[in-house]
Structure formats: C-alpha cells, structure tokens
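Data file: entry05.csv. Format and content: CSV, C-alpha atoms and all ligand atoms.
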chain,number,residue,atom,x,y,z
A,14,MET,CA,36.2,-38.1,7.1
A,15,ASP,CA,35.7,-41.5,8.6
A,16,ASP,CA,32.7,-43.0,10.6
A,17,GLY,CA,30.8,-39.9,9.5
A,18,ILE,CA,33.0,-37.6,11.6
A,19,LEU,CA,34.7,-34.7,10.0
A,20,HIS,CA,38.2,-34.1,11.4
A,21,ILE,CA,39.3,-30.6,11.5
A,22,SER,CA,42.3,-29.1,13.2
A,23,ILE,CA,41.5,-28.0,16.8
A,24,LYS,CA,44.3,-25.4,16.4
A,25,ASP,CA,42.4,-23.8,13.5
A,26,VAL,CA,39.2,-23.6,15.6
A,27,THR,CA,40.9,-22.1,18.6
A,28,ARG,CA,42.7,-19.6,16.3
A,29,GLY,CA,39.3,-18.4,15.2
A,30,GLU,CA,39.4,-19.7,11.6
A,31,TYR,CA,35.7,-20.7,11.9
A,32,LYS,CA,33.1,-18.0,12.7
A,33,LEU,CA,30.2,-20.3,13.3
A,34,ILE,CA,30.4,-23.7,15.0
A,35,TYR,CA,27.6,-26.2,15.1
A,36,ALA,CA,28.0,-29.0,17.6
A,37,HIS,CA,26.2,-31.4,19.8
A,38,PRO,CA,26.8,-31.0,23.6
A,39,GLU,CA,29.0,-34.1,23.7
A,40,ALA,CA,31.5,-32.5,21.4
A,41,PHE,CA,32.3,-29.9,24.0
A,42,LEU,CA,31.5,-31.6,27.3
A,43,SER,CA,32.7,-35.2,26.8
A,44,SER,CA,35.7,-34.6,24.6
A,45,LYS,CA,39.2,-33.2,25.5
A,46,GLU,CA,39.4,-31.3,22.3
A,47,GLY,CA,36.0,-29.7,22.9
A,48,ARG,CA,37.1,-28.5,26.3
A,49,LYS,CA,40.3,-27.1,24.8
A,50,ILE,CA,38.2,-25.0,22.4
A,51,LEU,CA,36.0,-23.7,25.2
A,52,GLN,CA,39.0,-22.8,27.3
A,53,SER,CA,41.1,-21.2,24.5
A,54,SER,CA,41.9,-17.5,25.0
A,55,PHE,CA,40.4,-16.8,21.6
A,56,PHE,CA,37.0,-18.2,22.6
A,57,ARG,CA,37.1,-16.5,25.9
A,58,GLU,CA,37.7,-13.1,24.3
A,59,HIS,CA,35.7,-13.4,21.1
A,60,LEU,CA,32.7,-15.7,21.6
A,61,CYS,CA,29.8,-13.4,21.0
A,62,SER,CA,26.7,-15.7,21.0
A,63,ILE,CA,25.5,-19.1,22.1
A,64,CYS,CA,22.4,-20.5,20.5
A,65,ILE,CA,20.7,-23.7,21.6
A,66,ASP,CA,18.4,-25.2,19.1
A,67,GLU,CA,15.7,-27.7,20.0
A,68,ALA,CA,16.1,-26.6,23.6
A,69,HIS,CA,13.4,-28.9,25.0
A,70,MET,CA,15.9,-31.7,24.4
A,71,ILE,CA,17.9,-30.5,27.4
A,72,HIS,CA,15.3,-32.1,29.6
A,73,GLU,CA,13.9,-34.7,27.3
A,74,TRP,CA,17.2,-36.2,26.3
A,75,GLY,CA,19.3,-35.1,29.3
A,76,GLU,CA,17.1,-37.1,31.6
A,77,GLU,CA,17.0,-40.2,29.4
A,78,PHE,CA,19.9,-41.2,27.2
A,79,ARG,CA,22.2,-38.3,26.5
A,80,LYS,CA,23.3,-36.9,29.8
A,81,ASP,CA,25.4,-34.1,28.2
A,82,PHE,CA,22.2,-32.4,27.2
A,83,SER,CA,21.5,-31.8,30.9
A,84,ARG,CA,25.1,-30.4,31.3
A,85,ILE,CA,24.8,-27.5,28.8
A,86,GLN,CA,24.7,-25.1,31.8
A,87,GLU,CA,28.4,-25.9,32.2
A,88,ILE,CA,29.2,-24.4,28.8
A,89,LEU,CA,27.2,-21.3,29.6
A,90,GLY,CA,29.0,-21.0,33.0
A,91,ILE,CA,32.3,-20.6,31.1
A,92,PHE,CA,31.0,-17.6,29.3
A,93,PRO,CA,28.8,-15.8,31.9
A,94,ASN,CA,28.6,-12.6,29.9
A,95,VAL,CA,27.8,-14.0,26.4
A,96,PRO,CA,24.2,-13.7,25.3
A,97,VAL,CA,22.3,-17.0,25.0
A,98,SER,CA,19.3,-17.8,22.8
A,99,LEU,CA,17.2,-20.9,22.9
A,100,PHE,CA,14.9,-22.1,20.2
A,101,THR,CA,12.1,-24.7,20.5
A,102,ALA,CA,8.8,-25.4,18.8
A,103,THR,CA,7.3,-27.3,21.7
A,104,ALA,CA,7.8,-26.2,25.3
A,105,SER,CA,5.1,-25.9,27.8
A,106,PRO,CA,5.2,-22.9,30.2
A,107,SER,CA,6.5,-25.3,32.9
A,108,THR,CA,9.3,-26.6,30.6
A,109,ARG,CA,10.2,-23.0,29.7
A,110,ASP,CA,10.4,-22.1,33.4
A,111,LYS,CA,12.5,-25.1,34.1
A,112,LEU,CA,14.9,-24.2,31.3
A,113,VAL,CA,15.2,-20.6,32.6
A,114,LYS,CA,16.0,-22.0,36.1
A,115,ASP,CA,18.3,-24.8,35.1
A,116,LEU,CA,20.3,-22.7,32.7
A,117,ALA,CA,20.3,-19.8,35.2
A,118,LEU,CA,19.1,-17.3,32.6
A,119,ARG,CA,18.7,-13.8,33.9
A,120,ASP,CA,15.4,-12.2,33.2
A,121,PRO,CA,15.2,-13.6,29.6
A,122,LEU,CA,13.0,-12.1,26.9
A,123,GLN,CA,10.5,-14.8,25.8
A,124,ILE,CA,9.1,-14.6,22.3
A,125,THR,CA,6.3,-17.2,21.5
A,126,LYS,CA,4.3,-18.0,18.5
A,127,ASN,CA,1.1,-20.1,18.4
A,128,PRO,CA,2.2,-23.7,17.5
A,129,ASP,CA,-1.3,-24.5,16.1
A,130,ARG,CA,-1.2,-26.5,12.8
A,131,PRO,CA,-4.7,-25.9,11.4
A,132,ASN,CA,-4.0,-28.2,8.4
A,133,ILE,CA,-3.7,-31.2,10.7
A,134,LYS,CA,-6.8,-33.0,11.7
A,135,TYR,CA,-6.4,-35.1,14.9
A,136,ILE,CA,-8.2,-38.4,15.1
A,137,ARG,CA,-8.3,-40.7,18.1
A,138,HIS,CA,-9.4,-44.4,18.1
A,139,GLU,CA,-9.7,-46.7,21.1
A,140,ARG,CA,-8.1,-50.1,20.3
A,141,LEU,CA,-8.8,-53.6,21.7
A,142,PRO,CA,-7.1,-54.6,24.9
A,143,SER,CA,-3.5,-55.7,24.6
A,144,VAL,CA,-4.3,-59.4,24.8
A,145,ARG,CA,-6.1,-59.2,21.5
A,146,GLN,CA,-3.7,-56.7,20.1
A,147,ASP,CA,-2.6,-58.8,17.1
A,148,ASP,CA,-6.2,-59.1,15.7
A,149,ASP,CA,-6.6,-55.4,16.1
A,150,LEU,CA,-3.2,-54.6,14.5
A,151,ASP,CA,-3.9,-57.0,11.6
A,152,GLU,CA,-7.0,-55.1,10.8
A,153,ILE,CA,-5.3,-51.8,10.7
A,154,LEU,CA,-2.3,-53.1,8.8
A,155,GLY,CA,-4.6,-55.0,6.5
A,156,ASP,CA,-6.3,-51.7,5.4
A,157,ILE,CA,-2.9,-50.2,4.8
A,158,ALA,CA,-1.7,-53.1,2.8
A,159,ASP,CA,-4.9,-53.0,0.7
A,160,GLY,CA,-4.5,-49.3,0.2
A,161,LEU,CA,-0.9,-49.7,-0.9
A,162,LEU,CA,-1.8,-52.4,-3.4
A,163,GLU,CA,-4.6,-50.4,-4.8
A,164,ASP,CA,-3.3,-46.9,-4.9
A,165,LYS,CA,0.4,-47.7,-5.2
A,166,GLU,CA,2.4,-44.4,-5.7
A,167,LYS,CA,-0.8,-42.4,-5.0
A,168,PHE,CA,-1.1,-43.8,-1.4
A,169,PRO,CA,-0.8,-40.9,1.1
A,170,VAL,CA,2.7,-40.9,2.5
A,171,THR,CA,2.3,-42.2,6.1
A,172,ILE,CA,4.6,-42.5,9.1
A,173,ILE,CA,3.5,-45.1,11.6
A,174,TYR,CA,5.2,-44.7,15.0
A,175,SER,CA,5.4,-47.6,17.3
A,176,ASP,CA,7.7,-49.8,19.4
A,177,LEU,CA,10.4,-51.9,17.8
A,178,GLU,CA,8.5,-55.2,18.2
A,179,THR,CA,5.4,-53.8,16.5
A,180,ILE,CA,7.4,-52.3,13.8
A,181,ARG,CA,9.1,-55.6,13.0
A,182,TYR,CA,5.8,-57.3,13.1
A,183,GLY,CA,4.1,-54.7,10.9
A,184,TYR,CA,7.0,-54.9,8.4
A,185,ARG,CA,6.7,-58.6,8.1
A,186,PHE,CA,3.0,-58.3,7.7
A,187,LEU,CA,3.3,-55.9,4.8
A,188,GLU,CA,6.0,-58.0,3.3
A,189,ALA,CA,3.8,-61.1,3.3
A,190,ARG,CA,0.8,-59.2,1.8
A,191,ILE,CA,2.6,-57.0,-0.7
A,192,GLY,CA,5.7,-58.8,-1.8
A,193,GLU,CA,9.4,-58.8,-1.4
A,194,ASP,CA,11.0,-56.5,-4.0
A,195,CYS,CA,14.4,-55.3,-3.2
A,196,PRO,CA,14.1,-52.8,-0.3
A,197,GLU,CA,14.6,-49.7,-2.4
A,198,ASN,CA,11.7,-50.6,-4.6
A,199,ARG,CA,9.2,-51.3,-1.8
A,200,SER,CA,6.4,-48.9,-1.1
A,201,TYR,CA,6.9,-49.6,2.7
A,202,ALA,CA,9.9,-49.4,4.9
A,203,GLN,CA,11.0,-49.8,8.5
A,204,PHE,CA,13.2,-47.4,10.4
A,205,HIS,CA,14.8,-47.9,13.8
A,206,THR,CA,18.1,-47.6,15.5
A,207,HIS,CA,19.1,-51.2,14.7
A,208,TYR,CA,18.5,-50.8,10.9
A,209,THR,CA,21.4,-50.4,8.6
A,210,GLU,CA,22.8,-46.8,8.2
A,211,ARG,CA,22.6,-47.2,4.4
A,212,MET,CA,18.9,-47.9,4.4
A,213,LYS,CA,18.1,-45.2,7.0
A,214,ASN,CA,19.9,-42.6,4.9
A,215,TRP,CA,18.1,-43.9,1.8
A,216,ILE,CA,14.7,-43.6,3.5
A,217,ILE,CA,15.4,-40.0,4.8
A,218,SER,CA,16.5,-38.9,1.4
A,219,ASP,CA,13.6,-40.6,-0.3
A,220,LEU,CA,11.1,-39.0,2.0
A,221,GLY,CA,12.6,-35.6,1.2
A,222,LYS,CA,11.4,-35.9,-2.4
A,223,GLN,CA,8.1,-34.5,-3.6
A,224,GLU,CA,7.0,-38.0,-4.6
A,225,PRO,CA,8.8,-40.6,-2.5
A,226,VAL,CA,8.9,-44.3,-3.6
A,227,THR,CA,8.3,-45.1,0.1
A,228,ARG,CA,4.6,-44.5,1.0
A,229,VAL,CA,4.6,-46.1,4.4
A,230,VAL,CA,7.3,-46.1,7.0
A,231,LEU,CA,7.0,-48.0,10.2
A,232,ALA,CA,9.3,-46.2,12.6
A,233,THR,CA,10.4,-45.7,16.1
A,234,VAL,CA,11.1,-42.2,17.4
A,235,ALA,CA,14.5,-42.6,15.8
A,236,LEU,CA,12.8,-41.2,12.7
A,237,GLY,CA,12.6,-37.5,13.2
A,238,ILE,CA,15.9,-35.9,13.6
A,239,GLY,CA,17.2,-34.5,10.4
A,240,LEU,CA,14.0,-35.4,8.6
A,241,HIS,CA,12.7,-33.0,6.0
A,242,ALA,CA,9.6,-34.7,4.5
A,243,PRO,CA,7.2,-32.2,3.2
A,244,SER,CA,4.9,-34.7,1.6
A,245,VAL,CA,4.0,-36.7,4.7
A,246,ARG,CA,0.1,-36.7,4.8
A,247,ARG,CA,-0.5,-38.9,7.8
A,248,VAL,CA,1.2,-39.7,11.1
A,249,ILE,CA,-0.2,-42.7,12.9
A,250,HIS,CA,0.6,-43.7,16.4
A,251,PHE,CA,0.2,-47.4,17.4
A,252,LYS,CA,1.8,-46.6,20.6
A,253,SER,CA,1.7,-43.1,21.7
A,254,PRO,CA,4.4,-41.0,23.4
A,255,THR,CA,4.0,-40.4,27.1
A,256,ASN,CA,3.8,-36.6,26.9
A,257,ILE,CA,2.1,-33.9,24.9
A,258,GLU,CA,5.2,-32.2,23.7
A,259,LYS,CA,6.5,-35.3,22.0
A,260,TYR,CA,3.1,-36.0,20.5
A,261,ILE,CA,3.0,-32.5,19.0
A,262,GLN,CA,6.6,-32.9,17.6
A,263,GLU,CA,5.8,-36.3,16.1
A,264,THR,CA,2.4,-35.4,14.6
A,265,GLY,CA,3.9,-32.2,13.4
A,266,ARG,CA,5.8,-34.2,10.8
A,267,ALA,CA,2.5,-34.4,8.8
A,268,GLY,CA,1.5,-31.7,6.4
A,269,ARG,CA,4.7,-29.7,6.4
A,270,ASP,CA,3.7,-28.5,2.9
A,271,GLY,CA,0.7,-26.8,4.4
A,272,LYS,CA,-1.8,-29.1,2.7
A,273,PRO,CA,-4.4,-31.1,4.6
A,274,ALA,CA,-3.0,-33.9,6.8
A,275,THR,CA,-4.1,-36.2,9.6
A,276,ALA,CA,-2.7,-37.4,12.8
A,277,ILE,CA,-4.3,-40.7,14.0
A,278,LEU,CA,-3.8,-42.0,17.5
A,279,TYR,CA,-4.7,-45.6,18.4
A,280,TRP,CA,-4.7,-46.2,22.1
A,281,ASN,CA,-5.8,-48.8,24.5
A,282,LYS,CA,-5.9,-49.4,28.3
A,283,THR,CA,-2.3,-50.4,28.3
A,284,ASP,CA,-1.2,-47.0,27.1
A,285,VAL,CA,-2.9,-45.3,30.1
A,286,ARG,CA,-2.0,-47.8,32.8
A,287,SER,CA,-1.1,-45.9,35.9
A,288,ASN,CA,2.4,-47.5,36.1
A,289,ARG,CA,3.4,-46.6,32.6
A,290,PRO,CA,6.8,-44.9,33.1
A,291,GLY,CA,6.7,-41.1,32.4
A,292,LEU,CA,3.0,-40.9,31.5
A,293,GLN,CA,2.0,-37.3,31.8
A,294,SER,CA,-1.4,-36.6,33.2
A,295,ALA,CA,-2.3,-34.3,30.3
A,296,MET,CA,-1.4,-37.1,27.9
A,297,LYS,CA,-3.6,-39.5,29.8
A,298,LYS,CA,-6.4,-37.0,29.6
A,299,PHE,CA,-5.8,-36.6,25.9
A,300,PHE,CA,-6.4,-40.4,25.5
A,301,THR,CA,-9.4,-40.7,27.7
A,302,SER,CA,-11.3,-37.4,27.7
A,303,LYS,CA,-14.8,-37.8,26.2
A,304,ASP,CA,-15.9,-34.5,24.8
A,305,ILE,CA,-12.9,-32.1,24.7
A,306,CYS,CA,-11.5,-30.9,21.4
A,307,LEU,CA,-8.2,-32.7,20.9
A,308,ARG,CA,-6.5,-29.7,19.2
A,309,ALA,CA,-7.5,-27.5,22.1
A,310,GLN,CA,-6.0,-30.0,24.6
A,311,LEU,CA,-2.7,-30.1,22.8
A,312,LEU,CA,-2.5,-26.3,22.5
A,313,SER,CA,-3.7,-25.6,26.0
A,314,HIS,CA,-0.8,-27.6,27.3
A,315,LEU,CA,1.5,-25.1,25.7
A,316,ASP,CA,-0.7,-22.2,27.0
A,317,PHE,CA,-2.3,-21.4,23.6
A,318,THR,CA,-5.7,-21.8,22.0
A,319,PRO,CA,-6.6,-22.7,18.4
A,320,GLU,CA,-5.5,-19.9,16.2
A,321,LEU,CA,-7.8,-20.1,13.2
A,322,GLN,CA,-11.5,-20.9,12.9
A,323,ILE,CA,-11.7,-24.1,11.0
A,324,SER,CA,-14.7,-26.2,10.4
A,325,LYS,CA,-15.4,-28.8,13.1
A,326,CYS,CA,-15.0,-31.7,10.7
A,327,ASN,CA,-11.5,-30.5,9.9
A,328,CYS,CA,-10.5,-30.1,13.5
A,329,CYS,CA,-10.6,-33.4,15.3
A,330,SER,CA,-12.6,-36.6,15.8
A,331,VAL,CA,-14.3,-35.0,18.8
A,332,CYS,CA,-15.4,-31.8,17.1
A,333,GLU,CA,-16.5,-33.5,13.9
A,334,GLN,CA,-19.4,-35.2,15.7
A,335,TYR,CA,-20.9,-31.7,16.1
A,336,CYS,CA,-20.2,-30.3,12.6
A,337,GLU,CA,-23.0,-28.6,10.8
A,338,CYS,CA,-21.2,-27.4,7.7
A,339,SER,CA,-22.9,-27.9,4.4
A,340,GLU,CA,-20.9,-31.1,3.7
A,341,CYS,CA,-21.7,-32.7,7.1
A,342,ALA,CA,-25.3,-31.6,7.1
A,343,LYS,CA,-26.0,-33.5,3.9
A,401,ZN,ZN,-11.5,-30.2,17.7
A,402,ZN,ZN,-18.3,-30.5,8.5
Before we go any further, please render this structure as structure tokens.
Ligand SMILES: [Zn+2]
Ligand SMILES: [Zn+2]
Amino acid sequence: MDDGILHISIKDVTRGEYKLIYAHPEAFLSSKEGRKILQSSFFREHLCSICIDEAHMIHEWGEEFRKDFSRIQEILGIFPNVPVSLFTATASPSTRDKLVKDLALRDPLQITKNPDRPNIKYIRHERLPSVRQDDDLDEILGDIADGLLEDKEKFPVTIIYSDLETIRYGYRFLEARIGEDCPENRSYAQFHTHYTERMKNWIISDLGKQEPVTRVVLATVALGIGLHAPSVRRVIHFKSPTNIEKYIQETGRAGRDGKPATAILYWNKTDVRSNRPGLQSAMKKFFTSKDICLRAQLLSHLDFTPELQISKCNCCSVCEQYCECSECAK
C-alpha cells in the first residue's frame, strides 16, 4: 500500500478471486485496469449484481467535480442484464426520476422510507447583512468560545459548516480566545480539503468516539464522507447549501444516536441573492418563508410529511412560537 491505495493483482480480480468489489466510479471508468476488469470474460459471465450507494451523488458530484459519477451508465451498459440496485437517503421525486432516466432503468421497483428525523429540532436565524458579517460572526463565535471555556468536555459536540474563509477566520478567533494547545488537545478543530491528512484522520477518528476531545469542528462539506460521529449534538450552518437534499444530508449528521439534537441555520440576504449559483427555489423558500414548519418543508421536498407527532417546541423555530405544551405554557 502506498498513497492510501491498496494494490491488488488485476489478474486475481478478473479470475474471480474476489466475490465482492467496492470501488468508486473512477476506478473503473478512468483507469485501464478497471476497464480490463469490466471487459474480462469472467465478469461478463459471472457478475450477478451492481449496487450503487449514495446514488444522489451521480448528479450532485457528476455535475460538479467528479465527472465519472455521471458516467456510471457506461458500466451498466456493459452488463445490460445484470440487476442494478441504488441506495440513497435523500432523493426528491424529481431526482429519482432523473436517475431512472439517466441510468436507463427499466420499470424499477422503488422502496422508500420516511427520512424524518424527529429527534432533530430545526432552528433558523436571520443574520446581519454581509457588510457587517464580522460583527455578527464574532457574536456567534464568542458564545461558542464562552461555552467551550465554561463547559469544556461537556460542551455539546458541534459541527459548524461554512466556506473556507469563514472557517479559517473562526478557527483563529477560537484560538485567540481559548488558547493554543497542541492541535490534538484542543476542544476545537478545523476541517477542509487543504488541511493535513493526518489531522483530518485524527478528527474523524476522534469524532467517532463516545466522548470526543474535539467539541467544535469548523468544517467545509469535505467533512461528511466516511464520518461516523454518533455524539454530534448540533450542526450549525453559517453558510447554507444551495439545495434541500444537501441540507438534509448535512444536518442529518446531528443526533445519530437518536438523542435530541439541533440543526441551526444562520442566513442573510447574500444567501438568497438571485444570482447565487445553483440556489434551488425550495431552499430559498426554506430561508425566507415566514410561517411554514421547517421540518415539513424539508420533508415535502422529498414527498413526505412529518412521521411522528412531536411537541411544537421540539419541532422547529417556526412551530415553537405556537407551542402550548405544559412547559411552554408556564
Ligand atoms: Zn415545525
Ligand atoms: Zn412546548
């Protein structure tokens, strides 16, 4: 193994030594060896199933930065009679239709489950306009710094998603307020593509623990893949994704252990500007709507409605205004 790549003999693969092969699309589509495997007589005769996990990536990534995701159809075309299954936790009816069409699936059986996460409460705050963004950020980060200093290892594990510039700013802000222990001892961390592999791996493994040392991670969307972090209590967005599917995926990293969790969205006019690339109208509505339950908006985009009756104060920042439970009525 070098560069994180495990080298196995292609001959062994094409001879059928491995019964189950996990691969990303590039491994088959952009590599000579991958092509050899697909075209081997053993594969043509014996391949019995193709599974595509996180199928929504075919469009999400295929269109943006990993083109081979949008070429998966080529693999299916080599094996026209092999059954195909797709898995995804977040695909709207239109995304599902698009997948069926783009992959030329014939009359597929669709099995869906309500993606509602009743243990997550959705909170939305409008921020100051971008020209005064720093004042505004400083206030939010200041509260986090105070909380970290006071509650230390009891501070709720929080992921803050934003852009690279804000992440760097936020990290320096916390560093100035909290101190500069060696990175592994800090209660806060940053995570983005340009950060060292060693630190990224350390953060992912730390967050996998029941009681991570890291309580706050400022991250770009690079933090997500391969993340198993059951103890995340809060996901905060300083800059929101442009579409509902991504927002559900990212906020879904809170409360994986089933215990109460919150998803907090800070937005301002810049987030909903009409020329923001890729901004989905449903997402814009999610930011700006006045009186519509936030959970219901997320779910209705995927063609579902909230599954469980939960008290309004545990639902979202819109519903909680109307809660009349015994706690709220006090
Ligand atoms: Zn609600
Ligand atoms: Zn209540």
Exercise for the section: Grab me every residue within 7 Å of ligand ZN 401 (chain A), counting only C-alpha atoms and all ligand atoms, and send it over as a PyMOL selection string. Expected result: chain A and resi 306-309+325+328-332
Practice task
Give me the residues within 9 Å of Asn198 of chain A as a PyMOL selection string, counting only C-alpha atoms and dropping any in the same chain fewer than 4 places off.
Solution key: chain A and resi 194+226-227
Fill in the blank from the handout: Computed gap from atom CA of Tyr208 of chain A to atom CA of Val245 of chain A is 21.2 Å
Handout entry: Test item: residues no farther than 6 Å from ligand ZN 402 (chain A), counting all atoms listed in the file, as a ChimeraX atom specification
Key = /A:324-326,336-338,340-341
Exercise for the section: Extract, using all atoms listed in the file, all DNA, RNA and protein residues at most 9 Å from Thr318 of chain A, discarding same-chain residues fewer than 4 positions from it, and format them as a PyMOL selection string. Expected result: chain A and resi 127+129+308-313
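Considering the residues A:Val234, A:Ile216, A:Ile133, A:Cys195 and counting all atoms listed in the file, Gly268 of chain A has its shortest atom-to-atom contact with A:Ile133.
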Just need the box for segment 177-196 of chain A, edges along x, y and z, holding every atom the file lists for it with 6 Å tacked onto each side, so centre and edge lengths in Å to one decimal, as lines of an AutoDock Vina configuration file.
center_x = 7.6
center_y = -56.5
center_z = 7.1
size_x = 25.6
size_y = 21.2
size_z = 34.2
Practice task
Tell me which of A:Thr283, A:Gln223, A:Thr275, A:Ser22 sits closest to Glu46 of chain A, counting all atoms listed in the file.
Solution key: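 Residue with the minimum atom-to-atom distance to Glu46 of chain A: A:Ser22.
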Exercise for the section: Show which residues sit within 12 Å of Gly239 of chain A, as JSON, numbers by chain. Count all atoms listed in the file, and ignore same-chain residues fewer than 4 positions away. Expected result: {"A": [67, 213, 214, 216, 217, 218, 220, 221, 235, 266]}
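Shortest atom-to-atom contact with Arg140 of chain A among A:Leu278, A:Leu315, A:Ala242, A:Ile191: A:Leu278, counting all atoms listed in the file.
From atom CA of Arg119 of chain A back to atom CA of Ile91 of chain A, the distance works out to 15.5 Å.
Each of A:Glu152, A:Asp164, A:Glu178, A:Glu320 was checked against Lys126 of chain A using all atoms listed in the file; the smallest atom-to-atom distance is that of A:Glu320.
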Exercise for the section: State, in Å with one decimal place, the distance from atom CA of Leu162 of chain A to atom CA of Leu231 of chain A. Expected result: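 Separation between atom CA of Leu162 of chain A and atom CA of Leu231 of chain A: 16.8 Å.
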Exercise for the section: Using all atoms listed in the file, find the one residue out of A:Phe82, A:Phe168, A:Trp215, A:Phe251 that sits nearest to Gly183 of chain A. Expected result: A:Phe251
Handout entry: Nearby residues (only C-alpha atoms) at most 12 Å from Pro96 of chain A, same-chain spacing under 3 positions excluded, as a PyMOL selection string
Key = chain A and resi 60-65+89-90+92-93+99+118-122
Name the residues in contact with segment 101-111 of chain A at a cut-off of 10 Å, using only C-alpha atoms, excluding same-chain residues fewer than 6 positions from it; report them as a compact mmCIF listing (two decimals) with C-alpha atoms, keeping the file's coordinate frame.
# COMPACT_ATOMS: atom_id res chain seq x y z
CA ILE A 65 20.70 -23.70 21.60
CA ASP A 66 18.40 -25.20 19.10
CA GLU A 67 15.70 -27.70 20.00
CA ALA A 68 16.10 -26.60 23.60
CA HIS A 69 13.40 -28.90 25.00
CA MET A 70 15.90 -31.70 24.40
CA ILE A 71 17.90 -30.50 27.40
CA HIS A 72 15.30 -32.10 29.60
CA GLU A 73 13.90 -34.70 27.30
CA ALA A 117 20.30 -19.80 35.20
CA LEU A 118 19.10 -17.30 32.60
CA GLN A 123 10.50 -14.80 25.80
CA THR A 125 6.30 -17.20 21.50
CA LYS A 126 4.30 -18.00 18.50
CA ASN A 127 1.10 -20.10 18.40
CA PRO A 128 2.20 -23.70 17.50
CA ILE A 257 2.10 -33.90 24.90
CA GLU A 258 5.20 -32.20 23.70
CA LYS A 259 6.50 -35.30 22.00
CA TYR A 260 3.10 -36.00 20.50
CA ILE A 261 3.00 -32.50 19.00
CA GLN A 262 6.60 -32.90 17.60
CA GLY A 265 3.90 -32.20 13.40
CA LEU A 312 -2.50 -26.30 22.50
CA SER A 313 -3.70 -25.60 26.00
CA HIS A 314 -0.80 -27.60 27.30
CA LEU A 315 1.50 -25.10 25.70
CA ASP A 316 -0.70 -22.20 27.00
CA PHE A 317 -2.30 -21.40 23.60
Any chance you could model N, CA and C atoms for segment 271-282 of chain A and send them as a PDB file, in the coordinates of the input?
ATOM      1  N   GLY A 271       1.830 -27.659   4.209  1.00  0.00           N
ATOM      2  CA  GLY A 271       0.700 -26.800   4.400  1.00  0.00           C
ATOM      3  C   GLY A 271      -0.646 -27.374   3.920  1.00  0.00           C
ATOM      4  N   LYS A 272      -0.571 -28.491   3.194  1.00  0.00           N
ATOM      5  CA  LYS A 272      -1.800 -29.100   2.700  1.00  0.00           C
ATOM      6  C   LYS A 272      -2.444 -29.980   3.769  1.00  0.00           C
ATOM      7  N   PRO A 273      -3.757 -30.304   3.607  1.00  0.00           N
ATOM      8  CA  PRO A 273      -4.400 -31.100   4.600  1.00  0.00           C
ATOM      9  C   PRO A 273      -3.705 -32.375   5.004  1.00  0.00           C
ATOM     10  N   ALA A 274      -3.663 -32.660   6.308  1.00  0.00           N
ATOM     11  CA  ALA A 274      -3.000 -33.900   6.800  1.00  0.00           C
ATOM     12  C   ALA A 274      -3.711 -34.378   8.009  1.00  0.00           C
ATOM     13  N   THR A 275      -3.418 -35.636   8.376  1.00  0.00           N
ATOM     14  CA  THR A 275      -4.100 -36.200   9.600  1.00  0.00           C
ATOM     15  C   THR A 275      -3.090 -36.813  10.529  1.00  0.00           C
ATOM     16  N   ALA A 276      -3.456 -36.751  11.796  1.00  0.00           N
ATOM     17  CA  ALA A 276      -2.700 -37.400  12.800  1.00  0.00           C
ATOM     18  C   ALA A 276      -3.657 -38.381  13.514  1.00  0.00           C
ATOM     19  N   ILE A 277      -3.338 -39.657  13.452  1.00  0.00           N
ATOM     20  CA  ILE A 277      -4.300 -40.700  14.000  1.00  0.00           C
ATOM     21  C   ILE A 277      -3.616 -41.362  15.178  1.00  0.00           C
ATOM     22  N   LEU A 278      -4.328 -41.398  16.267  1.00  0.00           N
ATOM     23  CA  LEU A 278      -3.800 -42.000  17.500  1.00  0.00           C
ATOM     24  C   LEU A 278      -4.657 -43.248  17.836  1.00  0.00           C
ATOM     25  N   TYR A 279      -4.026 -44.425  17.854  1.00  0.00           N
ATOM     26  CA  TYR A 279      -4.700 -45.600  18.400  1.00  0.00           C
ATOM     27  C   TYR A 279      -4.212 -45.851  19.777  1.00  0.00           C
ATOM     28  N   TRP A 280      -5.128 -45.999  20.688  1.00  0.00           N
ATOM     29  CA  TRP A 280      -4.700 -46.200  22.100  1.00  0.00           C
ATOM     30  C   TRP A 280      -5.546 -47.306  22.715  1.00  0.00           C
ATOM     31  N   ASN A 281      -5.015 -47.937  23.724  1.00  0.00           N
ATOM     32  CA  ASN A 281      -5.800 -48.800  24.500  1.00  0.00           C
ATOM     33  C   ASN A 281      -5.467 -48.713  25.996  1.00  0.00           C
ATOM     34  N   LYS A 282      -6.091 -49.514  26.808  1.00  0.00           N
ATOM     35  CA  LYS A 282      -5.900 -49.400  28.300  1.00  0.00           C
ATOM     36  C   LYS A 282      -4.479 -49.471  28.709  1.00  0.00           C
TER      37      LYS A 282
END
